[in-house]
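Structure data follow from input-v2.tsv (TSV, C-alpha atoms):
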```tsv
chain	number	residue	atom	x	y	z
C	1	MET	CA	-29.35	-58.00	-22.29
C	2	LYS	CA	-26.87	-55.66	-23.92
C	3	ARG	CA	-26.47	-56.20	-27.59
C	4	LEU	CA	-22.83	-56.80	-28.42
C	5	LEU	CA	-21.03	-56.91	-31.71
C	6	CYS	CA	-17.59	-58.40	-31.09
C	7	PHE	CA	-15.97	-60.69	-33.63
C	8	VAL	CA	-12.28	-61.48	-34.06
C	9	LEU	CA	-10.95	-63.16	-37.20
C	10	LEU	CA	-14.12	-65.08	-37.88
C	11	VAL	CA	-14.02	-68.13	-40.13
C	12	PHE	CA	-16.94	-68.38	-42.53
C	13	LEU	CA	-18.31	-71.49	-44.17
C	14	PRO	CA	-17.05	-72.25	-47.70
C	15	GLY	CA	-19.13	-70.60	-50.36
C	16	SER	CA	-20.42	-67.79	-48.16
C	17	ALA	CA	-20.97	-64.69	-50.27
C	18	PHE	CA	-19.46	-61.29	-49.63
C	19	ALA	CA	-22.80	-59.57	-50.28
C	20	GLY	CA	-25.57	-59.48	-47.73
C	21	SER	CA	-25.78	-59.00	-43.99
C	22	GLN	CA	-23.75	-61.44	-41.90
C	23	PRO	CA	-22.41	-61.47	-38.31
C	24	GLY	CA	-19.04	-59.80	-37.85
C	25	GLU	CA	-19.56	-57.00	-40.35
C	26	MET	CA	-16.84	-54.34	-40.01
C	27	GLY	CA	-17.98	-51.94	-42.72
C	28	THR	CA	-18.75	-51.31	-46.37
C	29	LEU	CA	-16.68	-50.49	-49.44
C	30	THR	CA	-18.00	-47.01	-50.16
C	31	PHE	CA	-15.53	-46.24	-52.95
C	32	LEU	CA	-13.32	-48.28	-55.24
C	33	ILE	CA	-11.54	-47.72	-58.49
C	34	GLY	CA	-9.26	-49.98	-60.49
C	35	GLU	CA	-8.35	-53.47	-59.29
C	36	VAL	CA	-9.50	-54.10	-55.70
C	37	PHE	CA	-9.64	-57.61	-54.25
C	38	ALA	CA	-10.97	-59.24	-51.07
C	39	LYS	CA	-10.18	-62.56	-49.41
C	40	ARG	CA	-12.13	-64.24	-46.64
C	41	ALA	CA	-10.73	-66.97	-44.38
C	42	ASP	CA	-9.59	-69.91	-46.53
C	43	GLN	CA	-11.25	-68.68	-49.70
C	44	ASP	CA	-9.43	-67.40	-52.77
C	45	TRP	CA	-8.96	-63.75	-53.66
C	46	ARG	CA	-11.93	-62.37	-55.56
C	47	LYS	CA	-12.70	-59.03	-57.13
C	48	ALA	CA	-14.31	-56.60	-54.71
C	49	GLU	CA	-17.47	-54.69	-55.57
C	50	PHE	CA	-18.81	-51.26	-54.72
C	51	ASP	CA	-21.06	-51.26	-51.64
C	52	MET	CA	-19.76	-54.69	-50.61
C	53	ALA	CA	-19.80	-55.54	-46.90
C	54	VAL	CA	-16.48	-56.50	-45.30
C	55	PHE	CA	-15.99	-58.58	-42.17
C	56	ALA	CA	-13.54	-59.27	-39.36
C	57	GLY	CA	-10.73	-61.40	-40.77
C	58	ASP	CA	-11.12	-60.20	-44.36
C	59	GLN	CA	-8.03	-59.20	-46.30
C	60	ILE	CA	-8.27	-56.35	-48.80
C	61	LYS	CA	-5.69	-55.43	-51.44
C	62	THR	CA	-5.43	-52.88	-54.23
C	63	GLY	CA	-3.58	-53.19	-57.52
C	64	ALA	CA	-1.63	-50.59	-59.49
C	65	ASP	CA	-3.53	-47.32	-60.13
C	66	SER	CA	-6.26	-48.45	-57.73
C	67	ARG	CA	-7.83	-47.13	-54.54
C	68	CYS	CA	-10.64	-47.97	-52.16
C	69	GLU	CA	-12.49	-46.56	-49.16
C	70	ILE	CA	-14.06	-48.52	-46.30
C	71	SER	CA	-16.64	-46.91	-44.02
C	72	LEU	CA	-16.52	-48.81	-40.72
C	73	VAL	CA	-19.61	-49.54	-38.64
C	74	ALA	CA	-17.69	-47.99	-35.70
C	75	GLY	CA	-17.97	-44.60	-37.43
C	76	SER	CA	-14.45	-44.20	-38.87
C	77	VAL	CA	-13.28	-44.20	-42.49
C	78	ILE	CA	-10.13	-45.83	-43.87
C	79	ARG	CA	-8.73	-45.54	-47.39
C	80	MET	CA	-6.13	-47.63	-49.22
C	81	ASP	CA	-3.81	-46.36	-51.94
C	82	GLN	CA	-2.55	-48.47	-54.84
C	83	ASN	CA	-0.49	-51.61	-54.09
C	84	THR	CA	-1.71	-51.81	-50.50
C	85	VAL	CA	-2.62	-54.92	-48.47
C	86	GLN	CA	-4.40	-54.91	-45.12
C	87	THR	CA	-6.36	-57.24	-42.82
C	88	LEU	CA	-9.47	-56.16	-40.95
C	89	GLU	CA	-8.57	-57.86	-37.70
C	90	LYS	CA	-11.20	-57.01	-35.12
C	91	ILE	CA	-14.25	-54.94	-34.32
C	92	CYS	CA	-16.12	-54.72	-31.04
C	93	VAL	CA	-19.03	-52.26	-30.91
C	94	LYS	CA	-21.32	-51.80	-27.97
C	95	LYS	CA	-23.14	-48.93	-26.32
C	96	GLU	CA	-20.28	-47.73	-24.10
C	97	SER	CA	-17.24	-48.51	-26.26
C	98	ARG	CA	-15.95	-49.18	-29.77
C	99	GLN	CA	-12.79	-51.15	-30.50
C	100	VAL	CA	-11.19	-51.54	-33.93
C	101	SER	CA	-7.95	-53.24	-34.96
C	102	LEU	CA	-6.37	-53.34	-38.44
C	103	PHE	CA	-3.16	-54.91	-39.70
C	104	MET	CA	-1.43	-53.23	-42.64
C	105	GLY	CA	0.95	-55.45	-44.58
C	106	THR	CA	2.29	-52.99	-47.14
C	107	GLY	CA	1.34	-49.80	-48.96
C	108	ARG	CA	-0.40	-46.58	-47.87
C	109	LEU	CA	-3.38	-46.17	-45.58
C	110	TRP	CA	-5.35	-43.03	-44.66
C	111	ALA	CA	-7.57	-43.06	-41.57
C	112	ASN	CA	-10.15	-40.52	-40.49
C	113	ALA	CA	-10.87	-42.01	-37.09
C	114	ARG	CA	-14.01	-41.32	-35.09
C	115	LYS	CA	-13.32	-39.21	-32.02
C	116	ILE	CA	-12.62	-41.31	-28.94
C	117	ILE	CA	-15.34	-40.62	-26.36
C	118	SER	CA	-14.71	-43.40	-23.84
C	119	LYS	CA	-11.65	-44.73	-22.00
C	120	GLN	CA	-12.61	-48.14	-23.36
C	121	ASP	CA	-12.57	-46.94	-27.00
C	122	THR	CA	-9.60	-48.08	-29.08
C	123	PHE	CA	-8.56	-47.76	-32.71
C	124	LYS	CA	-5.33	-49.59	-33.57
C	125	VAL	CA	-3.39	-49.87	-36.80
C	126	ARG	CA	-0.56	-52.42	-36.71
C	127	THR	CA	2.30	-53.01	-39.10
C	128	ASP	CA	5.14	-55.51	-38.69
C	129	LYS	CA	7.14	-52.71	-36.99
C	130	THR	CA	4.68	-50.57	-35.01
C	131	VAL	CA	1.35	-50.37	-33.23
C	132	CYS	CA	-0.54	-47.07	-33.59
C	133	ALA	CA	-3.16	-46.30	-30.94
C	134	ILE	CA	-5.41	-43.47	-32.06
C	135	ARG	CA	-7.30	-41.00	-29.89
C	136	GLY	CA	-9.54	-39.50	-32.57
C	137	THR	CA	-7.45	-38.20	-35.43
C	138	MET	CA	-6.64	-37.98	-39.13
C	139	PHE	CA	-3.40	-39.69	-40.09
C	140	GLY	CA	-1.58	-41.68	-42.76
C	141	VAL	CA	0.52	-44.84	-42.57
C	142	ASP	CA	3.09	-45.79	-45.22
C	143	THR	CA	4.85	-49.13	-44.76
C	144	ASN	CA	7.19	-51.43	-46.67
C	145	THR	CA	9.86	-54.01	-45.84
C	146	SER	CA	12.36	-51.42	-44.60
C	147	ALA	CA	10.31	-48.88	-42.61
C	148	THR	CA	6.92	-47.63	-41.41
C	149	ARG	CA	6.07	-43.92	-41.48
C	150	ILE	CA	3.14	-42.41	-39.58
C	151	ALA	CA	2.11	-38.85	-40.53
C	152	VAL	CA	-0.41	-37.11	-38.26
C	153	TYR	CA	-2.59	-34.36	-39.77
C	154	GLU	CA	-5.03	-33.81	-36.89
C	155	GLY	CA	-5.11	-35.00	-33.28
C	156	GLU	CA	-2.43	-37.34	-31.98
C	157	VAL	CA	-1.27	-40.97	-32.27
C	158	GLU	CA	0.52	-43.12	-29.71
C	159	VAL	CA	3.19	-45.19	-31.45
C	160	ARG	CA	4.90	-48.26	-29.96
C	161	PRO	CA	7.19	-50.90	-31.41
C	162	TRP	CA	5.42	-53.98	-32.69
C	163	GLY	CA	4.70	-56.49	-29.95
C	164	ASP	CA	5.04	-53.92	-27.15
C	165	LEU	CA	1.31	-53.28	-26.77
C	166	VAL	CA	-0.34	-56.50	-25.65
C	167	ASP	CA	-3.86	-56.87	-27.02
C	168	GLN	CA	-6.50	-56.65	-24.37
C	169	PRO	CA	-8.70	-59.70	-23.84
C	170	ASP	CA	-12.23	-59.46	-25.17
C	171	SER	CA	-14.27	-58.73	-22.08
C	172	GLU	CA	-16.63	-56.20	-20.59
C	173	LYS	CA	-13.76	-54.55	-18.64
C	174	PRO	CA	-10.45	-54.07	-20.48
C	175	SER	CA	-7.30	-54.77	-18.50
C	176	GLU	CA	-5.58	-51.39	-18.45
C	177	ALA	CA	-2.81	-52.75	-16.21
C	178	ARG	CA	-1.31	-54.65	-19.13
C	179	ILE	CA	-0.54	-51.49	-21.11
C	180	LYS	CA	2.67	-49.59	-20.43
C	181	GLU	CA	2.67	-45.88	-19.72
C	182	PRO	CA	4.57	-43.64	-22.18
C	183	VAL	CA	8.15	-42.91	-21.17
C	184	PRO	CA	10.40	-40.21	-22.68
C	185	VAL	CA	13.11	-41.58	-24.93
C	186	SER	CA	15.45	-39.53	-27.08
C	187	GLY	CA	15.67	-40.60	-30.70
C	188	PRO	CA	16.74	-41.72	-33.11
C	189	HIS	CA	19.07	-44.19	-31.45
C	190	PRO	CA	19.36	-47.98	-31.18
C	191	VAL	CA	16.65	-49.33	-28.88
C	192	THR	CA	15.28	-52.71	-27.96
C	193	MET	CA	11.77	-53.56	-29.11
C	194	LYS	CA	10.26	-52.75	-25.69
C	195	GLU	CA	12.01	-49.50	-24.73
C	196	TRP	CA	10.02	-46.67	-26.24
C	197	VAL	CA	6.60	-45.12	-26.60
C	198	GLU	CA	6.11	-41.93	-28.59
C	199	ILE	CA	3.18	-39.51	-28.86
C	200	VAL	CA	3.03	-38.05	-32.37
C	201	ARG	CA	0.93	-34.90	-32.56
C	202	ALA	CA	-0.61	-32.94	-35.43
C	203	LEU	CA	1.71	-31.97	-38.30
C	204	LYS	CA	4.41	-34.34	-37.05
C	205	GLN	CA	5.66	-37.68	-38.34
C	206	ILE	CA	7.60	-40.68	-37.06
C	207	THR	CA	9.55	-43.23	-39.10
C	208	VAL	CA	10.44	-46.64	-37.62
C	209	ASP	CA	12.88	-48.99	-39.35
C	210	ALA	CA	13.04	-52.78	-39.27
C	211	GLN	CA	15.48	-52.71	-36.32
C	212	GLY	CA	13.16	-50.61	-34.15
C	213	LYS	CA	15.10	-47.36	-34.52
C	214	TYR	CA	12.93	-44.31	-35.03
C	215	SER	CA	13.10	-40.63	-35.86
C	216	LYS	CA	10.54	-37.83	-35.40
C	217	SER	CA	10.22	-34.62	-37.35
C	218	ALA	CA	7.78	-31.98	-38.52
C	219	LEU	CA	5.83	-32.72	-41.66
C	220	ASP	CA	7.13	-31.05	-44.81
C	221	MET	CA	3.86	-29.34	-45.63
C	222	GLU	CA	5.00	-28.16	-49.06
C	223	ALA	CA	5.71	-31.76	-50.03
C	224	GLU	CA	2.49	-32.99	-48.40
C	225	LEU	CA	0.37	-30.52	-50.33
C	226	ARG	CA	1.93	-31.73	-53.59
C	227	ASP	CA	1.26	-35.38	-52.81
C	228	ALA	CA	-1.66	-36.61	-54.94
C	229	TRP	CA	-2.63	-39.15	-52.26
C	230	VAL	CA	-2.87	-36.47	-49.55
C	231	ILE	CA	-4.74	-34.07	-51.85
C	232	TRP	CA	-7.29	-36.72	-52.77
C	233	ASN	CA	-7.93	-37.75	-49.17
C	234	LYS	CA	-8.36	-34.19	-47.95
C	235	LYS	CA	-10.89	-33.52	-50.72
C	236	ARG	CA	-12.71	-36.72	-49.86
C	237	ASP	CA	-12.83	-35.76	-46.18
C	238	ARG	CA	-14.10	-32.25	-46.93
C	239	LEU	CA	-16.93	-33.52	-49.10
C	240	ALA	CA	-17.88	-36.14	-46.52
C	241	ARG	CA	-18.46	-33.33	-44.01
C	242	ARG	CA	-20.88	-31.53	-46.34
C	243	PRO	CA	-24.46	-32.78	-45.76
C	244	GLY	CA	-26.64	-33.70	-48.69
C	245	ILE	CA	-23.78	-34.35	-51.13
C	246	PRO	CA	-23.64	-38.10	-51.86
C	247	LEU	CA	-20.34	-39.40	-53.25
C	248	ARG	CA	-20.23	-41.97	-55.98
C	249	GLN	CA	-17.44	-43.85	-57.66
C	250	THR	CA	-16.30	-42.97	-61.15
C	251	ASN	CA	-14.05	-44.50	-63.78
C	252	ARG	CA	-11.51	-41.73	-63.49
C	253	GLY	CA	-8.00	-42.59	-62.35
C	254	PRO	CA	-6.75	-41.98	-58.79
C	255	SER	CA	-4.98	-38.69	-59.44
C	256	GLY	CA	-5.02	-35.84	-56.98
C	257	GLN	CA	-7.73	-34.10	-59.01
C	258	GLY	CA	-10.00	-37.02	-59.81
C	259	GLY	CA	-11.23	-40.37	-58.59
C	260	PHE	CA	-14.63	-39.23	-57.27
C	261	THR	CA	-17.45	-36.84	-57.99
C	262	HIS	CA	-20.45	-35.49	-56.15
C	263	GLU	CA	-23.93	-35.43	-57.54
```
Would you write the structure of this file as structure tokens?
Amino acid sequence: MKRLLCFVLLVFLPGSAFAGSQPGEMGTLTFLIGEVFAKRADQDWRKAEFDMAVFAGDQIKTGADSRCEISLVAGSVIRMDQNTVQTLEKICVKKESRQVSLFMGTGRLWANARKIISKQDTFKVRTDKTVCAIRGTMFGVDTNTSATRIAVYEGEVEVRPWGDLVDQPDSEKPSEARIKEPVPVSGPHPVTMKEWVEIVRALKQITVDAQGKYSKSALDMEAELRDAWVIWNKKRDRLARRPGIPLRQTNRGPSGQGGFTHE
């Protein structure tokens, strides 16, 4: 029998601890600094800890001057900047496919997604305005009440308006017929919430407002390279690719030059 890990918004019994191995594990907090909190099901918010396991349905939030990194069991890494809230919605890992879904409420997220190797693989990041479907890439999402911005640094991201991409049922064979094919649409211009699909490639960005209007442009690389959040993530990614250099958290603030060390 194939071993299957597939849990969606699991509800845990009251009093269950964050530490320890439990069904539905999505990943581990491999870095945190400042005030980072986690919330499970109907439990209250509690302070997160380094090396803490996180599960499908958990909410994670960061306070001011705070950051965290989550290494997913599916092989990808996501990082949250200060004043960010997200929900770890779903993970489904089996031999032939890996499916991940996250919901970002507000703030800034950086994702270094594992390369997609199967047609059944999916990695989705949702906001209240968009659904991003990743095909193995490095990208950032910034969202607030007025707009969502997706900046792609490597690879490409398929972006749709929220609600346009119907979630596939949990089954051995995903229903590809329920997903629309991309269609060319000029922008920005007023559109209904089911009219457009855009492919955003490396060094490009797309911004979607609360009415579903969007605009695409090239990244301003001078501005990006001055952004402390971008600088920090690129350094973190470079070190993660160097074998034999374990990263550990420090008490330094989340500036572009600090926030982690290697031993």
Query raised in the report: Restricting the calculation to all atoms listed in the file, which member of C:Asp237, C:Glu198, C:Glu35, C:Asp121 is positioned closest to Gly63 (chain C)?
Result: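 For Gly63 (chain C), the nearest of the candidates is C:Glu35.
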Requested in this report: Just give me the gap between CA of Lys119 (chain C) and CA of Met26 (chain C) in Å, one decimal is fine.
Outcome: 21.1 Å
Write out, as JSON lines, each residue of region 102-138 of chain C that has an atom at most 12 Å from region 209-212 of chain C, together with the closest pair of atoms and their distance in Å to one decimal, counting all atoms listed in the file, rows going by chain and rising number.
```
{"residue": "C:Thr127", "atom": "CA", "partner": "C:Ala210", "partner_atom": "CA", "distance": 10.7}
{"residue": "C:Asp128", "atom": "CA", "partner": "C:Ala210", "partner_atom": "CA", "distance": 8.4}
{"residue": "C:Lys129", "atom": "CA", "partner": "C:Ala210", "partner_atom": "CA", "distance": 6.3}
{"residue": "C:Thr130", "atom": "CA", "partner": "C:Gly212", "partner_atom": "CA", "distance": 8.5}
{"residue": "C:Val131", "atom": "CA", "partner": "C:Gly212", "partner_atom": "CA", "distance": 11.8}
```
Query raised in the report: Within 7 Å of region 215-221 of chain C, counting all atoms listed in the file, which residues qualify if same-chain residues fewer than 2 places away don't, as a list in words?
Result: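 Selected residues are Gly187, Pro188, Leu203, Lys204, Gln205, Ile206, Thr207, Val208, Ala223, Glu224 and Leu225 of chain C.
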**Report entry** Atomic separation - CA of Asn112 (chain C) relative to CA of Ile60 (chain C), Å
**Finding:**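 Straight-line distance from CA of Ile60 (chain C) to CA of Asn112 (chain C) works out to 18.0 Å.
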Requested in this report: Compute the distance from (-2.0, -47.8, -52.2) to each atom, counting all atoms listed in the file, keep the residues with any atom at most 8 Å away, and return them as a PyMOL selection string; use the coordinates of the file.
Outcome: chain C and resi 62-64+66-67+80-84+107-109
Mind writing the picked residues with C-alpha atoms as a PDB file, in the frame of the given file?
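After the write, out_25.pdb holds the following:
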```pdb
ATOM      1  CA  THR C  62      -5.430 -52.880 -54.230  1.00  0.00           C
ATOM      2  CA  GLY C  63      -3.580 -53.190 -57.520  1.00  0.00           C
ATOM      3  CA  ALA C  64      -1.630 -50.590 -59.490  1.00  0.00           C
ATOM      4  CA  SER C  66      -6.260 -48.450 -57.730  1.00  0.00           C
ATOM      5  CA  ARG C  67      -7.830 -47.130 -54.540  1.00  0.00           C
ATOM      6  CA  MET C  80      -6.130 -47.630 -49.220  1.00  0.00           C
ATOM      7  CA  ASP C  81      -3.810 -46.360 -51.940  1.00  0.00           C
ATOM      8  CA  GLN C  82      -2.550 -48.470 -54.840  1.00  0.00           C
ATOM      9  CA  ASN C  83      -0.490 -51.610 -54.090  1.00  0.00           C
ATOM     10  CA  THR C  84      -1.710 -51.810 -50.500  1.00  0.00           C
ATOM     11  CA  GLY C 107       1.340 -49.800 -48.960  1.00  0.00           C
ATOM     12  CA  ARG C 108      -0.400 -46.580 -47.870  1.00  0.00           C
ATOM     13  CA  LEU C 109      -3.380 -46.170 -45.580  1.00  0.00           C
TER      14      LEU C 109
END
```
Report task. Find the distance between CA of Trp110 (chain C) and CA of Leu88 (chain C) and write it in Å to one decimal. Result ->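 One can read the CA of Trp110 (chain C) to CA of Leu88 (chain C) distance as 14.3 Å.
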Requested in this report: Take the point (-17.9, -55.2, -46.0) in the file's coordinates, draw a sphere of radius 8 Å around it, and report as number ranges by chain every protein, DNA or RNA residue with an atom inside or on it, counting only C-alpha atoms.
Outcome: C: 18-19, 25-29, 51-55, 70
